[in-house]
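Worksheet for the structure shown next.
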2 protein chains.
Amino acid sequence: MKQIENKVTPRILSGFMELLPADQISFNKYLSIIRDTYEEFGFIPQETPLIEAAEILMSKSGGDTEKQIYEFMKGDERLALRFDLTVPLARYVAQYYPQLVFPYRRYQIGKVYRGERAQKGRFREFYQCDIDIIGDGELSLVNDAEIPSVIYRLFRKLDIGDFVIKINNRKILSGFIEAMGLEKEDEALRIIDKLEKIGNEEVIRELVNLGLKEEDAAKLIELISISGSNEEILIKLQEIDINVEKFGEGVRELIEVVKMAYKFGVPEESLQIDLSIARGLGYYTGTVYETKMKNEEISGSVCSGGRYDNLAENFTDRKLPGVGISIGLTRLFSQLKSAGLIKEESVSVSRVAVVPMEGARMDFSLNAARLLREAGIKTEIYTEDTKLKKKLSYVNKLGIPYLVLVGEDEERQGKVSLKKMQTGEQWLMTVEEVISMIINK
Amino acid sequence: MKQIENKVTPRILSGFMELLPADQISFNKYLSIIRDTYEEFGFIPQETPLIEAAEILMSKSGGDTEKQIYEFMKGDERLALRFDLTVPLARYVAQYYPQLVFPYRRYQIGKVYRGERAQKGRFREFYQCDIDIIGDGELSLVNDAEIPSVIYRLFRKLDIGDFVIKINNRKILSGFIEAMGLEKEDEALRIIDKLEKIGNEEVIRELVNLGLKEEDAAKLIELISISGSNEEILIKLQEIDINVEKFGEGVRELIEVVKMAYKFGVPEESLQIDLSIARGLGYYTGTVYETKMKNEEISGSVCSGGRYDNLAENFTDRKLPGVGISIGLTRLFSQLKSAGLIKEESVSVSRVAVVPMEGARMDFSLNAARLLREAGIKTEIYTEDTKLKKKLSYVNKLGIPYLVLVGEDEERQGKVSLKKMQTGEQWLMTVEEVISMIINK
């Protein structure tokens with residue numbers, strides 16, 4: 001059946017992340033902290049297919065997305081791989097609307113696909129870890145204030161360094177732009193979103209190209225550069241005399257959300273109003289968030305999102321406003337790794353390796369392993385019939401903290417030898433004693 | 001930017017499974033039991049990309065797989081979606097051989113893709129939950145005996161009904177076929193694998209077509225029909241006079257593995273030798289397993305696998321023997337659901353809903369929720385400013401077991417009203433009392 005003589009060179013595609021055991025164990029710890037934290041706040045798990053009809057996934061797309069999407073035919077269906085978790089969420093909520101309870105609070109953690117040109121820090125396959133709260137017709141601003149409290153708790157638990165949650169309200173920017181008579185608000189916001197990357201001058205040039213007067217562009221830069229404590233920024237904002245309703249609404253919302261977020265337990269120093277936060281995506285309509293690590297080796301926003309008025313408008317006439325955030329875990333992990341911030345985990349998940357010595361019957365070892373597992377201790381058995389040295393080298397290389405040795409002597413006494421690998425200490429004890437020692441450690 | 005006036009009908013593709021919240025919560029419970037059990041036995045997590053170069057994934061394929069694979073071009077690369085987790089495992093082990101510790105015990109839980117014609121019980125996207133143990137050069141038979149003990153512990157924990165692990169050794173069948181002078185062993189085994197589906201007569205006809213004498217085909221049927229207790233079957237097997245080394249080796253291995261599996265804690269009534277188990281896939285070379293639920297509404301094998309001599313022969317010259325199993329969780333869940341065997345979980349993961357009453361300040365509610373979470377209790381806050389009735393209906397529909405009501409009265413006393421939804425009992429108590437009541441429940 002198989003006649004291949006030439007071997008295929010084992011490799012993965014560029015732009016894909018694949019990890020060795022120790023890193024995979026670390027990665028999974030982050031995944032599980034994220035999942036646990038989302039559930040702690042009552043977010044319900046959701047899972048949607050990776051493949052959907054292209055028509056569904058592209059229903060909301062602008063130009064850039066279409067170029068990036070993985071698309072293919074199967075039979076006579078045009079299929080595509082999801083490129084985010086938001087479009088599938090919109091489709092899901094519209095599809096199952098009658099069976100869902102609103103506000104619908106869901107999380108989805110899963111891989112998404114973008115056929116980008118491979119470059120450093122860009123992945124073609126990456127994890128997104130999203131939460132969203134979707135209202136039926138309306139959704140209180142309290143939700144906008146809860147989101148930073150989830151981010152705060154989560155990043156504290158991830159324990160990857162100091163961070164700050166930046167917050168803004170898009171209505172402030174778009175109201176300001178409206179007041180200047182420019183209609184292309186979304187495009188202007190996309191230019192502002194590039195501020196950090198391209199700098200003030202280039203932003204002004206692009207805004208002027210878009211149709212803004214040079215002095216108005218300069219005023220806009222002045223607005224988004226307002227700095228100080230949150231209180232100072234809010235006072236300055238209230239002093240600005242702009243006669244466009246949207247602007248005032250944005251200021252009022254921002255004040256309410258920030259004050260409420262404090263009540264949700266977010267400390268003032270972790271929540272920072274930044275009027276330059278615009279978010280590139282067109283669908284945000286109010287509060288927007290970005291999260292920055294203070295460590296400069298972790299660039300960009302590690303957790304972003306915002307409020308949108310109308311999640312599923314391409315699928316339904318119902319008004320379904322929402323607010324949510326997304327973490328791009330693959331990129332974050334890759335940056336942490338490059339910065340040397342990933343704590344080296346053991347290469348194994350086992351806490352104990354049971355190693356039968358030459359001449360020992362397996363029964364006793366197998367029984368010991370079973371008792372350890374039943375006590376909730378992850379335990380593996382070294383199964384190969386090799387020299388003791390090789391057995392010990394296996395346990396060492398995997399970094400398994402405890403070794404349980406079973407030889408003829410031990411069997412005779414109904415005991416095992418427990419060795420703590422880190423210190424080299426060794427005891428002869430019953431399996432019950434081993435269990436209580438490891439559990440109380 | 002968006003001018004679409006006509007809505008796109010929200011839908012998913014046929015052959016894909018998507019769940020509503022209660023079912024998704026159940027599904028995730030199974031996933032987490034599987035993951036926890038695999039780790040309990042010291043299997044290390046592995047994760048490979050869903051997309052690989054088509055050349056890699058198809059390196060071992062026979063004919064059927066190629067028709068099923070999702071394949072597409074991106075730029076000038078021919079890509080494909082993985083159709084199982086075994087080929088990626090083989091590629092991974094060959095690629096990272098120098099960095100891995102052997103025996104390499106890994107698990108991978110992830111989705112795989114097969115573009116099959118949609119039909120009942122066939123999914124195009126489904127979860128596989130695999131474990132494999134890979135040796136470097138050789139791998140002791142003890143591993144073949146450990147596998148049934150993992151299956152046994154796992155299916156007990158899944159708690160979905162009685163099951164039996166069927167076990168056989170392919171060398172017995174292929175040795176028998178070799179003794180009859182037929183060289184197309186793999187094809188013969190694939191025919192035998194269909195026995196349950198097509199019946200004795202059709203199997204005999206196909207074997208004869210393949211070149212077997214009719215009386216030899218009948219003898220083969222006689223062999224695979226041997227029944228009785230494991231001990232009886234093993235005695236009968238040892239009495240068969242076949243002068244082919246492979247046959248005897250198969251019998252000896254089967255005896256050793258079954259006896260050792262008992263020592264691993266698998267009870268005799270849960271492990272059943274069944275000489276008709278052949279497994280369709282060509283790469284199995286020794287022990288093979290299938291797991292059947294006693295409930296007849298769950299058809300087919302719910303957990304299958306076996307021993308293979310040479311995992312990665314298409315990628316490397318190294319001999320890497322292994323043994324492993326796979327659970328097709330999507331199909332299993334779908335069958336359990338049809339049979340009414342999925343326990344209805346609550347629609348929410350929250351244990352407590354904190355509901356602020358009209359006129360109450362949010363502070364007190366938010367603080368209560370935070371304390372509950374810090375005590376490890378999943379807690380959500382009802383955020384919308386609606387009538388009390390609507391708030392209670394939300395908690396009811398989601399099946400959240402505890403309601404914490406906070407009104408002006410409660411605030412004044414520094415207490416909350418706790419309501420146990422199932423019984424309607426209600427208490428006025430401090431948040432600390434609520435926590436200890438729920439935790440000690």
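Residue numbering restarts at 1 in every chain; chains get A, B, ... in the order shown in the structure tokens, and ligands count up from 1 in that same order.
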Notebook entry, point to check: If we count only C-alpha atoms, what is near Pro88 in chain A at a cut-off of 9 Å, once residues fewer than 4 positions away on the same chain are taken out, given as JSON, numbers by chain?
Noted result: {"A": [48, 49, 52, 56, 57, 82, 84, 92, 93]}
For N, CA and C atoms, I'd like the residues from the last selection saved as a PDB file, in the first residue's frame.
```pdb
ATOM      1  N   THR A  48     -18.139  27.551  17.715  1.00  0.00           N
ATOM      2  CA  THR A  48     -18.691  27.579  16.361  1.00  0.00           C
ATOM      3  C   THR A  48     -17.720  26.863  15.423  1.00  0.00           C
ATOM      4  N   PRO A  49     -18.216  26.410  14.271  1.00  0.00           N
ATOM      5  CA  PRO A  49     -17.330  25.694  13.337  1.00  0.00           C
ATOM      6  C   PRO A  49     -16.187  26.577  12.839  1.00  0.00           C
ATOM      7  N   GLU A  52     -17.072  27.957   7.616  1.00  0.00           N
ATOM      8  CA  GLU A  52     -18.436  28.395   7.362  1.00  0.00           C
ATOM      9  C   GLU A  52     -18.566  28.737   5.875  1.00  0.00           C
ATOM     10  N   ILE A  56     -21.334  33.810   4.530  1.00  0.00           N
ATOM     11  CA  ILE A  56     -21.590  34.179   5.929  1.00  0.00           C
ATOM     12  C   ILE A  56     -20.418  34.989   6.477  1.00  0.00           C
ATOM     13  N   LEU A  57     -19.223  34.446   6.315  1.00  0.00           N
ATOM     14  CA  LEU A  57     -18.066  35.080   6.944  1.00  0.00           C
ATOM     15  C   LEU A  57     -17.726  36.416   6.301  1.00  0.00           C
ATOM     16  N   ARG A  82     -12.858  30.738   9.428  1.00  0.00           N
ATOM     17  CA  ARG A  82     -13.178  31.964  10.174  1.00  0.00           C
ATOM     18  C   ARG A  82     -11.911  32.782  10.423  1.00  0.00           C
ATOM     19  N   ASP A  84     -12.134  35.620  12.485  1.00  0.00           N
ATOM     20  CA  ASP A  84     -12.296  36.150  13.837  1.00  0.00           C
ATOM     21  C   ASP A  84     -13.436  35.386  14.491  1.00  0.00           C
ATOM     22  N   TYR A  92     -24.422  33.351  15.034  1.00  0.00           N
ATOM     23  CA  TYR A  92     -24.981  32.454  16.058  1.00  0.00           C
ATOM     24  C   TYR A  92     -26.158  33.117  16.774  1.00  0.00           C
ATOM     25  N   VAL A  93     -25.949  34.370  17.171  1.00  0.00           N
ATOM     26  CA  VAL A  93     -26.988  35.066  17.932  1.00  0.00           C
ATOM     27  C   VAL A  93     -28.230  35.290  17.061  1.00  0.00           C
TER      28      VAL A  93
END
```
Next item on the list: Could you give me the residues within range 218-339 of chain A that DSSP places in strand (DSSP E), as a PyMOL selection string?
Entry: chain A and resi 271-273+287-293+304-308+322-328
Margin query: Using only C-alpha atoms and a cut-off of 6 Å, which residues of chain B sit close to chain A? Please list them as a list in words.
Written below: Lys7, Val8, Thr9, Pro10, Glu18, Glu40, Phe41, Gly42, Ile44, Thr48, Phe72, Arg91, Gln95, Ser140, Lys263, Phe264, Asn314, Phe315, Ser348, Val349, Ser350, Asp363, Leu366, Lys378, Thr379, Glu380 and Glu384 of chain B
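Using only C-alpha atoms, the protein and nucleic acid residues lying no more than 12 Å from Glu206 in chain B, apart from those fewer than 2 places from it along its own chain, are Glu187, Ala188, Leu189, Arg190, Ile191, Ile192, Asp193, Lys194, Leu195, Ile198, Gly199, Asn200, Glu201, Glu202, Val203, Ile204, Val208, Asn209, Leu210, Gly211, Leu212, Lys213, Glu214, Ala217 and Ala218 of chain B.
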Mind writing the picked residues with N, CA and C atoms as a compact mmCIF listing (two decimals), in the first residue's frame?
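So selection_29.txt came out as:
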```txt
# COMPACT_ATOMS: atom_id res chain seq x y z
N GLU B 187 -5.70 -6.00 2.86
CA GLU B 187 -7.02 -5.95 2.24
C GLU B 187 -7.97 -6.93 2.89
N ALA B 188 -7.45 -8.11 3.22
CA ALA B 188 -8.29 -9.11 3.89
C ALA B 188 -8.77 -8.58 5.25
N LEU B 189 -7.87 -7.92 5.96
CA LEU B 189 -8.25 -7.38 7.28
C LEU B 189 -9.32 -6.30 7.14
N ARG B 190 -9.22 -5.53 6.06
CA ARG B 190 -10.23 -4.49 5.86
C ARG B 190 -11.60 -5.11 5.59
N ILE B 191 -11.59 -6.24 4.92
CA ILE B 191 -12.87 -6.93 4.69
C ILE B 191 -13.42 -7.46 6.01
N ILE B 192 -12.55 -8.09 6.81
CA ILE B 192 -13.00 -8.63 8.10
C ILE B 192 -13.54 -7.52 8.99
N ASP B 193 -12.93 -6.36 8.90
CA ASP B 193 -13.35 -5.21 9.69
C ASP B 193 -14.82 -4.84 9.43
N LYS B 194 -15.32 -5.22 8.25
CA LYS B 194 -16.70 -4.86 7.90
C LYS B 194 -17.71 -5.92 8.36
N LEU B 195 -17.20 -6.97 9.04
CA LEU B 195 -18.04 -8.12 9.39
C LEU B 195 -19.39 -7.72 9.99
N ILE B 198 -21.63 -6.09 7.23
CA ILE B 198 -22.09 -6.79 6.02
C ILE B 198 -22.38 -8.27 6.25
N GLY B 199 -21.98 -8.83 7.38
CA GLY B 199 -22.33 -10.22 7.69
C GLY B 199 -21.34 -11.24 7.14
N ASN B 200 -21.45 -12.47 7.71
CA ASN B 200 -20.52 -13.56 7.37
C ASN B 200 -20.44 -13.86 5.88
N GLU B 201 -21.62 -14.02 5.27
CA GLU B 201 -21.63 -14.48 3.87
C GLU B 201 -20.93 -13.52 2.93
N GLU B 202 -21.22 -12.23 3.13
CA GLU B 202 -20.63 -11.23 2.27
C GLU B 202 -19.10 -11.17 2.49
N VAL B 203 -18.70 -11.33 3.77
CA VAL B 203 -17.27 -11.34 4.06
C VAL B 203 -16.59 -12.51 3.33
N ILE B 204 -17.22 -13.69 3.41
CA ILE B 204 -16.64 -14.85 2.72
C ILE B 204 -16.54 -14.59 1.21
N VAL B 208 -13.11 -14.55 -0.91
CA VAL B 208 -12.90 -15.47 -2.04
C VAL B 208 -12.50 -14.67 -3.28
N ASN B 209 -13.19 -13.52 -3.48
CA ASN B 209 -12.82 -12.65 -4.59
C ASN B 209 -11.37 -12.22 -4.52
N LEU B 210 -10.91 -12.07 -3.29
CA LEU B 210 -9.54 -11.60 -3.08
C LEU B 210 -8.53 -12.72 -3.38
N GLY B 211 -9.04 -13.97 -3.44
CA GLY B 211 -8.13 -15.06 -3.80
C GLY B 211 -8.09 -16.19 -2.78
N LEU B 212 -8.89 -16.08 -1.73
CA LEU B 212 -8.90 -17.12 -0.71
C LEU B 212 -9.80 -18.27 -1.17
N LYS B 213 -9.37 -19.53 -0.86
CA LYS B 213 -10.25 -20.66 -1.12
C LYS B 213 -11.47 -20.56 -0.22
N GLU B 214 -12.61 -21.05 -0.73
CA GLU B 214 -13.85 -20.90 0.04
C GLU B 214 -13.74 -21.59 1.39
N ALA B 217 -11.70 -19.45 3.70
CA ALA B 217 -12.48 -18.29 4.15
C ALA B 217 -13.41 -18.72 5.28
N ALA B 218 -13.98 -19.88 5.14
CA ALA B 218 -14.88 -20.39 6.17
C ALA B 218 -14.11 -20.66 7.47
```
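The spacing separating CA of Lys389 in chain B from CA of Met357 in chain B amounts to 10.6 Å.
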Item checked: Which of range 66-201 of chain B DSSP labels helix (DSSP H, G or I), written as an MDAnalysis selection string -> chainID B and resid 66:68 86:95 97:99 142:158 170:179 185:193 195:201
Next item on the list: For each of B:Gly181, B:Pro401, B:Gly286, B:Gly300, take the minimum atom-to-atom distance to Gln335 in chain B, counting only C-alpha atoms, then give the residue where this is smallest.
Entry: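 Closest to Gln335 in chain B, using only C-alpha atoms: B:Gly300.
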Notebook entry, point to check: When you draw a straight line from CA of Ile242 in chain B to CA of Val323 in chain B, how long is it in Å?
Noted result: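 Result for CA of Ile242 in chain B versus CA of Val323 in chain B: 26.6 Å, one decimal.
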Check: Counting only C-alpha atoms, what is within 6 Å of Gly306 in chain B, bar same-chain residues fewer than 5 positions away, as an MDAnalysis selection string?
Finding: chainID B and resid 287:289 323:324
Notebook entry, point to check: Between A:Glu344, A:Ser174, A:Tyr152, A:Ser301, which one has atoms that come closest to Val266 in chain A, using only C-alpha atoms?
Noted result: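 Of A:Glu344, A:Ser174, A:Tyr152, A:Ser301, the one nearest Val266 in chain A, counting only C-alpha atoms, is A:Tyr152.
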Next item on the list: Grab the CA of Cys303 in chain B to CA of Ala375 in chain A distance for me, in Å with one decimal place.
Entry: 25.7 Å
